[in-house]
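Working notes, beginning with the structure itself.
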2 protein chains.
Amino acid sequence: MLRTNTCGELTIKDKNNKVTLCGWVQRSRDLGGMTFIDLRDRYGITQLVFNMDTNSALCEEARKLGREFVISVIGTVAERSNKNLKIPTGEIEIIADSFEILNESKLPPFTIEDDTDGGEEQRMKYRYLDLRRNVNKNNLELRHKMASATREYLNSVNFIEIETPFLIKSTPEGARDYVVPSRINPGEFYALPQSPQTFKQLLMVAGYDRYYQIVRCFRDEDLRADRQPEFTQIDCEMSFATQEGVLETFEGLVKHLFKKIKKIDIEKIPRMSYHDAMKYYGTDKPDIRFEMKFVELNDVTRGKGFKVFDEAAFVVGICAEGCGEYTRKQLDELTDFVRKPQIGASGLVYVKIGKDGSYKSSVDKFFAQEDLKKIAAKFNAKENDLILILAGQKDKTRKCLGELRLEMADRKGLKDNKKYCPLWVLDFPLFEWHEEMNRYYAKHHPFTSPKPEDISLLDHNPIVVKANAYDLVINGVEIGGGSIRIHNKQLQNKMFKVLGFTEKEAQEQFGFLMNAFEYGAPPHGGIAFGFDRWCALFGEGTSIRDYIAFPKNNAGRDVMIDSPSQISEEQLKELNLKIDLKK
Amino acid sequence: MLRTNTCGELTIKDKNNKVTLCGWVQRSRDLGGMTFIDLRDRYGITQLVFNMDTNSALCEEARKLGREFVISVIGTVAERSNKNLKIPTGEIEIIADSFEILNESKLPPFTIEDDTDGGEEQRMKYRYLDLRRNVNKNNLELRHKMASATREYLNSVNFIEIETPFLIKSTPEGARDYVVPSRINPGEFYALPQSPQTFKQLLMVAGYDRYYQIVRCFRDEDLRADRQPEFTQIDCEMSFATQEGVLETFEGLVKHLFKKIKKIDIEKIPRMSYHDAMKYYGTDKPDIRFEMKFVELNDVTRGKGFKVFDEAAFVVGICAEGCGEYTRKQLDELTDFVRKPQIGASGLVYVKIGKDGSYKSSVDKFFAQEDLKKIAAKFNAKENDLILILAGQKDKTRKCLGELRLEMADRKGLKDNKKYCPLWVLDFPLFEWHEEMNRYYAKHHPFTSPKPEDISLLDHNPIVVKANAYDLVINGVEIGGGSIRIHNKQLQNKMFKVLGFTEKEAQEQFGFLMNAFEYGAPPHGGIAFGFDRWCALFGEGTSIRDYIAFPKNNAGRDVMIDSPSQISEEQLKELNLKIDLKK
């Protein structure tokens, strides 16, 4: 090795030892007759000292070292007079005897510090420099620890990691596939997996009982902020388990990761039905770090002559505690917020409760104090509270109010990064209706099992059928989702029929799975966790991109390696392809 | 859960316990008034008993269960009268109270036994049934354990697992890339990685110091037996290490895996130069479980009037101990062997040493007993040994004799599956000359560092330049290979120049890496191991396919899911592609 020690390990115990360190010049300070250099490697920072009095030639050389130069230095560990107790190596320094420049560095395009002056694009282009920053290093180390802890737990409860193929088959259900042309099979394509779903089910048919994999998945979606074309899943499946068994098993994983990574003891994870999540939070991923539950108000708002309420199918509100003194300006901001196109409400009604117990509302004209009191009573609202009410079509209004609830939580500082409230959301509907396509879609995926008691409804009223499906939500973020699967060919066939597949299409695309179901498929179910998101959540970060070593930008580009890029005519010819650009 | 226990855990200690088991009907035997069923799951087999006397209705039902039916059964653990001490559950059986059929099974197309009657193609089509066989289950469990043990070791010595991207950039150097059309960037393509080589080097530039990843890689090669289009690598890289440091670190991994998985203590791994490997074994991956080293014979075969030897640039032989009584027929077989087109020798000369010390040779006409004695002396050959000699162009003759040496080892039973002889092969040449392309190719890859003392030869005599490159060979199988990398832009540029890149091409394809080298790239090196092969080696198997859950066949097809396949016109249109099949 080129070094005897790393820059993170020497302490006062090593005093007087002769050592060789390697690393990067983080910063350099000339103080009169001395030059101090902070030498950095992955493990920490160690101070080097060069003395003009005792070795002026060496000190002169050291003064020429630029930022990010890579050097190896030989020296003796000495006790510092001016100790820095904030870092493990802060009690010592290295009195340098000699050093060697292992590589020079041009001046980096941005500073390699926690607070860098580099913009997003610069940092992505020079990602290898961005990754030198402590924040990013900590993120990738966190990710490594989380993967290790995940494997540790799953191995301990008999799960076996099995690698499934990446070159699979394109199926039109779900998101868009990335495809890979096959040179050896002209005109044919592989697809990259959106998830190993069918393979993990086949592993259950094969008797593997408990499978997992930390695995890359691919979706060719129109990119949005915080969507990556490739992402990582903790993918799991188990046999002979009820929904309860699956939830218990993976509650174990959740607790293990919280304990191991965050040093937090998680109590029994609460559960909420999809129905209640929508009713009380307007979303299937409620952030339950705070209350502000929805209260439905049709019965107390009806017939007062306020047309908006009278004509609305649905009137619903939240109560923001302690916001009764919101100003006109603040209330206007909230109205603007709900009217933003991505929220889409047409207006907002408020009821303020004064410190004197009086009510003030934007609909004073229609609602007497007595009427407002009735509304307030529905929320158990107190003095100095603020009630915010939306009206309209039910699903849409719930969605808008859900967003407003999160906005109010932001304003009230209720989203505590250090507080974690995991939640199981259960009893999802099996289908949702897709207006444009004029057909049912699988809410989860086509392999999810209906609740046994609802199977008879599949033929005539599929929209009310509930699924044995569940999501893990932490702080309003969907961290995982899964279901008990269908393991019976007839039921799977019926499912495809409801989804509008012809028998031929179903056979062509999923024949291998349905055939497998005829050879003793066990009852099974599973779950998949979004690993990038979970890392971001535990890292208290805002973007999954900060937890991926080499992410792509919003146009799906890797700006560092400049990919995707054109390929040669020869490659295209070998693949039997022609590019056919739209004009 | 649907069960209280697995089929692999109940023993005499559980006697009289009421249990519920789930599993597959492995086999069923009716013996007079009793029916015995072997119930199988991932963990083992437990015997179920149904008694016609005590519960005739249940027993009748049990007799209807077919092979591979999935059932759950409730019963009581009882001591067996007829114990089977070969399996952990062999002392007990379950007296069944009731059972439920969880899923029926059609009769499988082949028997689910270690010795199956299913042919390769059937088994691949029904891979989910093939995987139920113990042999395959053991292989996948071995693979899981090897991955776990690998992570355990590498984590313990401060390596961090970092995921690198799968959607990267196509580069023409090396094997053919699989490419992925980008919908969002029309006319452009990603490529799937042949290895994370450049990314791991960038991680070193980024200061991550010790990186690893167990990662899928892709090569669009013309498939041969035991080549898969996707395969798994243990990919590693470290900074501030000399070649010696890298070898020591990964010798630790090799020892750890041998100890943990095979319970074998590996001594210090011997080392051999590429030069010696070629000279004494005719291959860069010598199987050193046995000797039979090459002996060069030009000096003792010259000038005896035998034209083949006299005209040959190179005469070389091996000595097969104890084969002096080989018959005419056996010797003819060996001649046929070396003449096979894939070996390509034109003939074989033998010298047999009789039990009486006399010599018999196919070139008796030219070589007197005294001459043959001189040849035999070169090998220290004894009575009853057989010397086999090839002649011709040096490299080709060595290759042929290398094959013959392995053939003789097979015949003599020297390839002991239970014996493991790892070997480091060192000091590879940096380049090889490619006749067809009329240019140099990188023997390892273009990022491999020349030995410092050879750098001056790069300009005028590249073919003699040696590389800081090394392979790990076990029992004649190349399990891993790596090198100390170039970390200097000028040297990397020169390397590309020798390889025939224009400056523009080098910049377009690897500009990001060479730019990175300008910002303080540390000295670094690494290694990658072929994980599938290592699993096959430890599993004492012959094909890597048996160690991959869902492998592809020799035409790159997954016959189970029928992939690759055609995609829709709509998909092609979205990707701006047209298929252009050659007529």
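Identifiers in this document derive from the order of the structure tokens: chains are assigned A, B, ..., residues are numbered from 1 separately in each chain, and ligands are numbered from 1 in order of occurrence.
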*Thr198 of chain A surroundings by only C-alpha atoms, 9 Å radius, close-in-sequence under 2 positions cut, as a PyMOL selection string*: chain A and resi 195-196+200-203+447+510+513
Would you put the residues from that selection into a file with all heavy atoms, as a compact mmCIF listing (two decimals), in the first residue's frame?
# COMPACT_ATOMS: atom_id res chain seq x y z
N SER A 195 -40.02 -4.12 -12.97
CA SER A 195 -39.80 -4.75 -11.66
C SER A 195 -39.69 -6.24 -11.95
O SER A 195 -40.09 -6.69 -13.01
CB SER A 195 -40.95 -4.47 -10.71
OG SER A 195 -41.95 -5.46 -10.85
N PRO A 196 -39.13 -7.01 -11.00
CA PRO A 196 -39.02 -8.45 -11.26
C PRO A 196 -40.32 -9.19 -10.92
O PRO A 196 -40.28 -10.38 -10.61
CB PRO A 196 -37.88 -8.89 -10.34
CG PRO A 196 -37.32 -7.66 -9.73
CD PRO A 196 -38.40 -6.63 -9.79
N LYS A 200 -40.43 -13.04 -9.61
CA LYS A 200 -40.48 -13.41 -8.19
C LYS A 200 -41.67 -14.31 -7.94
O LYS A 200 -41.60 -15.21 -7.10
CB LYS A 200 -40.44 -12.18 -7.28
CG LYS A 200 -41.62 -11.26 -7.26
CD LYS A 200 -41.36 -10.16 -6.20
CE LYS A 200 -42.43 -9.09 -6.22
NZ LYS A 200 -42.27 -8.11 -5.15
N GLN A 201 -42.73 -14.12 -8.70
CA GLN A 201 -43.87 -15.03 -8.53
C GLN A 201 -43.50 -16.44 -9.01
O GLN A 201 -43.87 -17.43 -8.38
CB GLN A 201 -45.09 -14.49 -9.28
CG GLN A 201 -45.63 -13.22 -8.64
CD GLN A 201 -47.02 -12.84 -9.14
OE1 GLN A 201 -47.21 -11.81 -9.72
NE2 GLN A 201 -47.98 -13.72 -8.92
N LEU A 202 -42.73 -16.51 -10.09
CA LEU A 202 -42.29 -17.82 -10.57
C LEU A 202 -41.36 -18.49 -9.55
O LEU A 202 -41.38 -19.71 -9.39
CB LEU A 202 -41.59 -17.70 -11.92
CG LEU A 202 -42.53 -17.35 -13.08
CD1 LEU A 202 -41.73 -17.07 -14.35
CD2 LEU A 202 -43.53 -18.47 -13.34
N LEU A 203 -40.58 -17.68 -8.85
CA LEU A 203 -39.72 -18.26 -7.80
C LEU A 203 -40.57 -18.84 -6.67
O LEU A 203 -40.18 -19.82 -6.05
CB LEU A 203 -38.75 -17.21 -7.27
CG LEU A 203 -37.60 -16.87 -8.23
CD1 LEU A 203 -36.81 -15.67 -7.72
CD2 LEU A 203 -36.66 -18.07 -8.41
N PHE A 447 -51.63 -8.71 -11.05
CA PHE A 447 -51.41 -9.96 -10.35
C PHE A 447 -51.91 -9.90 -8.90
O PHE A 447 -51.79 -10.85 -8.15
CB PHE A 447 -49.93 -10.32 -10.38
CG PHE A 447 -49.35 -10.16 -11.74
CD1 PHE A 447 -48.47 -9.12 -12.04
CD2 PHE A 447 -49.74 -11.01 -12.77
CE1 PHE A 447 -47.97 -8.94 -13.31
CE2 PHE A 447 -49.25 -10.83 -14.05
CZ PHE A 447 -48.36 -9.80 -14.33
N PHE A 510 -48.58 -13.22 -20.83
CA PHE A 510 -48.39 -13.77 -19.49
C PHE A 510 -48.66 -15.26 -19.44
O PHE A 510 -48.88 -15.82 -18.37
CB PHE A 510 -49.27 -13.03 -18.49
CG PHE A 510 -48.93 -11.57 -18.39
CD1 PHE A 510 -49.76 -10.60 -18.90
CD2 PHE A 510 -47.74 -11.18 -17.79
CE1 PHE A 510 -49.44 -9.25 -18.82
CE2 PHE A 510 -47.40 -9.83 -17.70
CZ PHE A 510 -48.25 -8.87 -18.21
N LEU A 513 -46.74 -17.36 -17.00
CA LEU A 513 -47.12 -17.27 -15.60
C LEU A 513 -48.39 -18.09 -15.34
O LEU A 513 -48.47 -18.83 -14.36
CB LEU A 513 -47.35 -15.80 -15.20
CG LEU A 513 -47.64 -15.56 -13.73
CD1 LEU A 513 -46.44 -15.92 -12.86
CD2 LEU A 513 -48.02 -14.10 -13.48
_List as number ranges by chain the protein and nucleic acid residues near Leu404 of chain B, meaning an atom at most 10 Å away when only C-alpha atoms are counted, but skip any in the same chain fewer than 4 places from it._
B: 317-318, 334-335, 337-338, 343, 388-390, 398-400, 408-410
_Gap from atom CA of Thr171 of chain A to atom CA of Ile561 of chain B - Å, one decimal_ =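 Pair atom CA of Thr171 of chain A / atom CA of Ile561 of chain B returns 11.1 Å.
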*With distances taken over only C-alpha atoms, which of A:Gly481, A:Gly119, A:Pro193, A:Pro108 is nearest to chain B?*
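The shortest atom-to-atom distance to chain B comes from A:Pro108.
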*Do you know which residues are at most 6 Å from Val49 of chain A counting only C-alpha atoms, after dropping those on the same chain fewer than 2 positions away, and could you put them as a list of chain:residue names?*
A:Thr35, A:Phe36, A:Ile94, A:Ile95, A:Ala96
*Which is closer to Glu104 of chain B than all the others in A:Asn488, A:Asn134, A:Ser565, A:Thr502, using only C-alpha atoms?*
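Looking only at the distances to Glu104 of chain B, the closest residue turns out to be A:Asn488.
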*Please, which residues of segment 39-83 of chain B, numbered as in this document, come out strand (DSSP E) from DSSP, as a list in words?*
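So, restricting segment 39-83 of chain B to strand (DSSP E), we get Leu39, Arg40, Asp41, Gly44, Ile45, Thr46, Gln47, Leu48, Val49, Phe50, Asn51, Val70, Ile71, Ser72, Val73, Ile74, Gly75, Thr76, Val77, Ala78 and Glu79 of chain B.
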*With a distance cut-off of 12 Å and only C-alpha atoms, select the neighbouring residues of Cys421 of chain B, excluding the residue or stretch itself and same-chain residues fewer than 6 positions from it, and output the selection as a PyMOL selection string.*
chain B and resi 254-255+258+264-271+285-291+415+472-479+537
*Which neighbours of Pro172 of chain B fall inside 10 Å, counting only C-alpha atoms, when residues of the same chain fewer than 6 positions from it are skipped, and could you give them as a PyMOL selection string?*
(chain A and resi 567-568+571) or (chain B and resi 509)
*asked:* Please determine, counting only C-alpha atoms, which residue among B:Ser358, B:Ser483, B:Thr327, B:Asn155 has the shortest atom-to-atom distance to chain A.
replied: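 Looking at the shortest contact to chain A, the residue is B:Asn155.
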*To one decimal in Å, tell me the separation between atom CA of Gly207 of chain A and atom CA of Asp177 of chain A.*
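Atom CA of Asp177 of chain A lies at a distance of 28.7 Å from atom CA of Gly207 of chain A.
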Excluding Gly556 of chain A and residues on its chain fewer than 2 positions from it, collect all residues at most 8 Å away from it, counting only C-alpha atoms, and give them as a PDB file with C-alpha atoms, in the first residue's frame.
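That gives us part27.pdb:
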ATOM      1  CA  LEU A 223     -39.561  12.463 -16.459  1.00  0.00           C
ATOM      2  CA  GLN A 228     -35.217   8.572 -12.546  1.00  0.00           C
ATOM      3  CA  PRO A 229     -35.343   6.282 -15.585  1.00  0.00           C
ATOM      4  CA  LYS A 552     -29.655  11.395 -14.735  1.00  0.00           C
ATOM      5  CA  ASN A 553     -31.126  14.829 -15.189  1.00  0.00           C
ATOM      6  CA  ASN A 554     -34.768  15.640 -15.919  1.00  0.00           C
ATOM      7  CA  ASP A 558     -26.167  11.747 -17.894  1.00  0.00           C
TER       8      ASP A 558
ATOM      9  CA  ILE B 184     -36.995  11.320 -25.097  1.00  0.00           C
TER      10      ILE B 184
END
_Would you pick out the contacts of Lys262 of chain B at 12 Å or less, using only C-alpha atoms, so that residues sharing its chain but fewer than 6 positions from it are not included, and give the list as a PyMOL selection string?_
chain B and resi 142+145-146+149+254-256+418-420+535+537-540
_I'd like to know which residues of segment 154-320 of chain A are helix (DSSP H, G or I) (by DSSP, run on the backbone); could you write them as a PyMOL selection string?_
chain A and resi 154-156+197-205+243-262+274-281+298-301+307-311
Selection export as a CSV table (one decimal), in the first residue's frame, atoms kept: N, CA and C atoms:
chain,number,residue,atom,x,y,z
A,154,LEU,N,-33.2,-9.5,6.3
A,154,LEU,CA,-33.9,-10.4,5.4
A,154,LEU,C,-33.2,-11.8,5.5
A,155,ASN,N,-31.9,-11.8,5.5
A,155,ASN,CA,-31.2,-13.1,5.6
A,155,ASN,C,-31.5,-13.8,7.0
A,156,SER,N,-31.7,-12.9,8.0
A,156,SER,CA,-31.9,-13.5,9.3
A,156,SER,C,-33.3,-14.2,9.4
A,197,GLN,N,-41.5,-8.5,-11.0
A,197,GLN,CA,-42.7,-9.1,-10.5
A,197,GLN,C,-43.0,-10.5,-10.9
A,198,THR,N,-43.0,-10.8,-12.3
A,198,THR,CA,-43.4,-12.1,-12.7
A,198,THR,C,-42.3,-13.1,-12.3
A,199,PHE,N,-41.1,-12.7,-12.3
A,199,PHE,CA,-40.0,-13.7,-11.9
A,199,PHE,C,-40.1,-14.0,-10.4
A,200,LYS,N,-40.4,-13.0,-9.6
A,200,LYS,CA,-40.5,-13.4,-8.2
A,200,LYS,C,-41.7,-14.3,-7.9
A,201,GLN,N,-42.7,-14.1,-8.7
A,201,GLN,CA,-43.9,-15.0,-8.5
A,201,GLN,C,-43.5,-16.4,-9.0
A,202,LEU,N,-42.7,-16.5,-10.1
A,202,LEU,CA,-42.3,-17.8,-10.6
A,202,LEU,C,-41.4,-18.5,-9.6
A,203,LEU,N,-40.6,-17.7,-8.8
A,203,LEU,CA,-39.7,-18.3,-7.8
A,203,LEU,C,-40.6,-18.8,-6.7
A,204,MET,N,-41.7,-18.2,-6.4
A,204,MET,CA,-42.6,-18.8,-5.4
A,204,MET,C,-43.2,-20.1,-5.9
A,205,VAL,N,-43.6,-20.2,-7.2
A,205,VAL,CA,-44.1,-21.4,-7.8
A,205,VAL,C,-43.0,-22.5,-7.7
A,243,GLN,N,-52.0,-11.9,4.4
A,243,GLN,CA,-51.6,-10.4,4.4
A,243,GLN,C,-51.0,-10.1,5.7
A,244,GLU,N,-51.6,-10.6,6.8
A,244,GLU,CA,-51.1,-10.3,8.1
A,244,GLU,C,-49.7,-10.7,8.3
A,245,GLY,N,-49.4,-11.9,7.7
A,245,GLY,CA,-48.0,-12.4,7.8
A,245,GLY,C,-47.0,-11.6,7.1
A,246,VAL,N,-47.4,-11.1,5.9
A,246,VAL,CA,-46.5,-10.2,5.1
A,246,VAL,C,-46.3,-8.9,5.9
A,247,LEU,N,-47.4,-8.3,6.4
A,247,LEU,CA,-47.2,-7.1,7.1
A,247,LEU,C,-46.3,-7.2,8.3
A,248,GLU,N,-46.5,-8.3,9.1
A,248,GLU,CA,-45.7,-8.5,10.3
A,248,GLU,C,-44.2,-8.7,9.9
A,249,THR,N,-44.0,-9.5,8.8
A,249,THR,CA,-42.6,-9.7,8.4
A,249,THR,C,-41.9,-8.4,8.0
A,250,PHE,N,-42.6,-7.6,7.3
A,250,PHE,CA,-41.9,-6.4,6.8
A,250,PHE,C,-41.9,-5.2,7.8
A,251,GLU,N,-42.9,-5.3,8.7
A,251,GLU,CA,-42.8,-4.4,9.8
A,251,GLU,C,-41.5,-4.6,10.6
A,252,GLY,N,-41.1,-5.9,10.6
A,252,GLY,CA,-39.8,-6.3,11.2
A,252,GLY,C,-38.6,-5.6,10.5
A,253,LEU,N,-38.7,-5.5,9.1
A,253,LEU,CA,-37.7,-4.9,8.4
A,253,LEU,C,-37.6,-3.4,8.7
A,254,VAL,N,-38.8,-2.8,8.7
A,254,VAL,CA,-38.9,-1.3,8.9
A,254,VAL,C,-38.3,-1.0,10.3
A,255,LYS,N,-38.7,-1.8,11.3
A,255,LYS,CA,-38.2,-1.6,12.7
A,255,LYS,C,-36.7,-1.7,12.7
A,256,HIS,N,-36.2,-2.8,12.0
A,256,HIS,CA,-34.7,-3.0,12.0
A,256,HIS,C,-34.0,-1.9,11.4
A,257,LEU,N,-34.5,-1.4,10.3
A,257,LEU,CA,-33.8,-0.3,9.6
A,257,LEU,C,-33.8,1.0,10.5
A,258,PHE,N,-35.0,1.3,11.0
A,258,PHE,CA,-35.1,2.5,11.9
A,258,PHE,C,-34.1,2.4,13.1
A,259,LYS,N,-34.0,1.2,13.7
A,259,LYS,CA,-33.2,1.0,14.8
A,259,LYS,C,-31.7,1.1,14.4
A,260,LYS,N,-31.4,0.3,13.4
A,260,LYS,CA,-30.0,0.2,13.0
A,260,LYS,C,-29.4,1.5,12.4
A,261,ILE,N,-30.2,2.2,11.6
A,261,ILE,CA,-29.7,3.4,10.9
A,261,ILE,C,-30.0,4.7,11.6
A,262,LYS,N,-31.2,4.8,12.2
A,262,LYS,CA,-31.6,6.0,12.8
A,262,LYS,C,-31.6,6.0,14.3
A,274,TYR,N,-57.7,2.4,3.0
A,274,TYR,CA,-57.6,3.3,1.9
A,274,TYR,C,-58.8,4.3,2.0
A,275,HIS,N,-60.0,3.7,2.3
A,275,HIS,CA,-61.2,4.5,2.5
A,275,HIS,C,-61.0,5.7,3.5
A,276,ASP,N,-60.4,5.3,4.6
A,276,ASP,CA,-60.2,6.4,5.7
A,276,ASP,C,-59.1,7.4,5.3
A,277,ALA,N,-58.1,6.8,4.6
A,277,ALA,CA,-57.0,7.7,4.2
A,277,ALA,C,-57.6,8.8,3.2
A,278,MET,N,-58.5,8.4,2.3
A,278,MET,CA,-59.0,9.3,1.4
A,278,MET,C,-60.0,10.3,2.1
A,279,LYS,N,-60.8,9.7,3.0
A,279,LYS,CA,-61.8,10.5,3.7
A,279,LYS,C,-61.2,11.5,4.7
A,280,TYR,N,-60.1,11.2,5.3
A,280,TYR,CA,-59.6,12.1,6.4
A,280,TYR,C,-58.4,12.9,5.9
A,281,TYR,N,-57.7,12.4,4.8
A,281,TYR,CA,-56.5,13.1,4.4
A,281,TYR,C,-56.5,13.4,2.9
A,298,ASN,N,-71.2,19.0,4.4
A,298,ASN,CA,-72.4,19.2,3.6
A,298,ASN,C,-73.6,19.5,4.5
A,299,ASP,N,-73.8,18.7,5.6
A,299,ASP,CA,-75.0,18.9,6.4
A,299,ASP,C,-75.1,20.2,7.1
A,300,VAL,N,-74.0,20.9,7.4
A,300,VAL,CA,-74.1,22.2,8.0
A,300,VAL,C,-73.9,23.4,7.1
A,301,THR,N,-73.6,23.1,5.8
A,301,THR,CA,-73.4,24.2,4.9
A,301,THR,C,-74.5,24.3,3.9
A,307,LYS,N,-74.4,29.7,-3.0
A,307,LYS,CA,-74.6,28.8,-4.2
A,307,LYS,C,-73.5,27.8,-4.3
A,308,VAL,N,-72.3,28.2,-4.1
A,308,VAL,CA,-71.1,27.3,-4.3
A,308,VAL,C,-71.3,26.1,-3.4
A,309,PHE,N,-71.7,26.3,-2.2
A,309,PHE,CA,-71.8,25.2,-1.3
A,309,PHE,C,-73.1,24.4,-1.6
A,310,ASP,N,-74.2,25.1,-2.0
A,310,ASP,CA,-75.4,24.4,-2.3
A,310,ASP,C,-75.3,23.5,-3.5
A,311,GLU,N,-74.5,24.0,-4.5
A,311,GLU,CA,-74.4,23.2,-5.7
A,311,GLU,C,-73.3,22.2,-5.7
_Straight-line distance linking atom CA of Asn417 of chain A with atom CA of Gln122 of chain A, stated in Å to one decimal_ =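 Pair atom CA of Asn417 of chain A / atom CA of Gln122 of chain A returns 28.3 Å.
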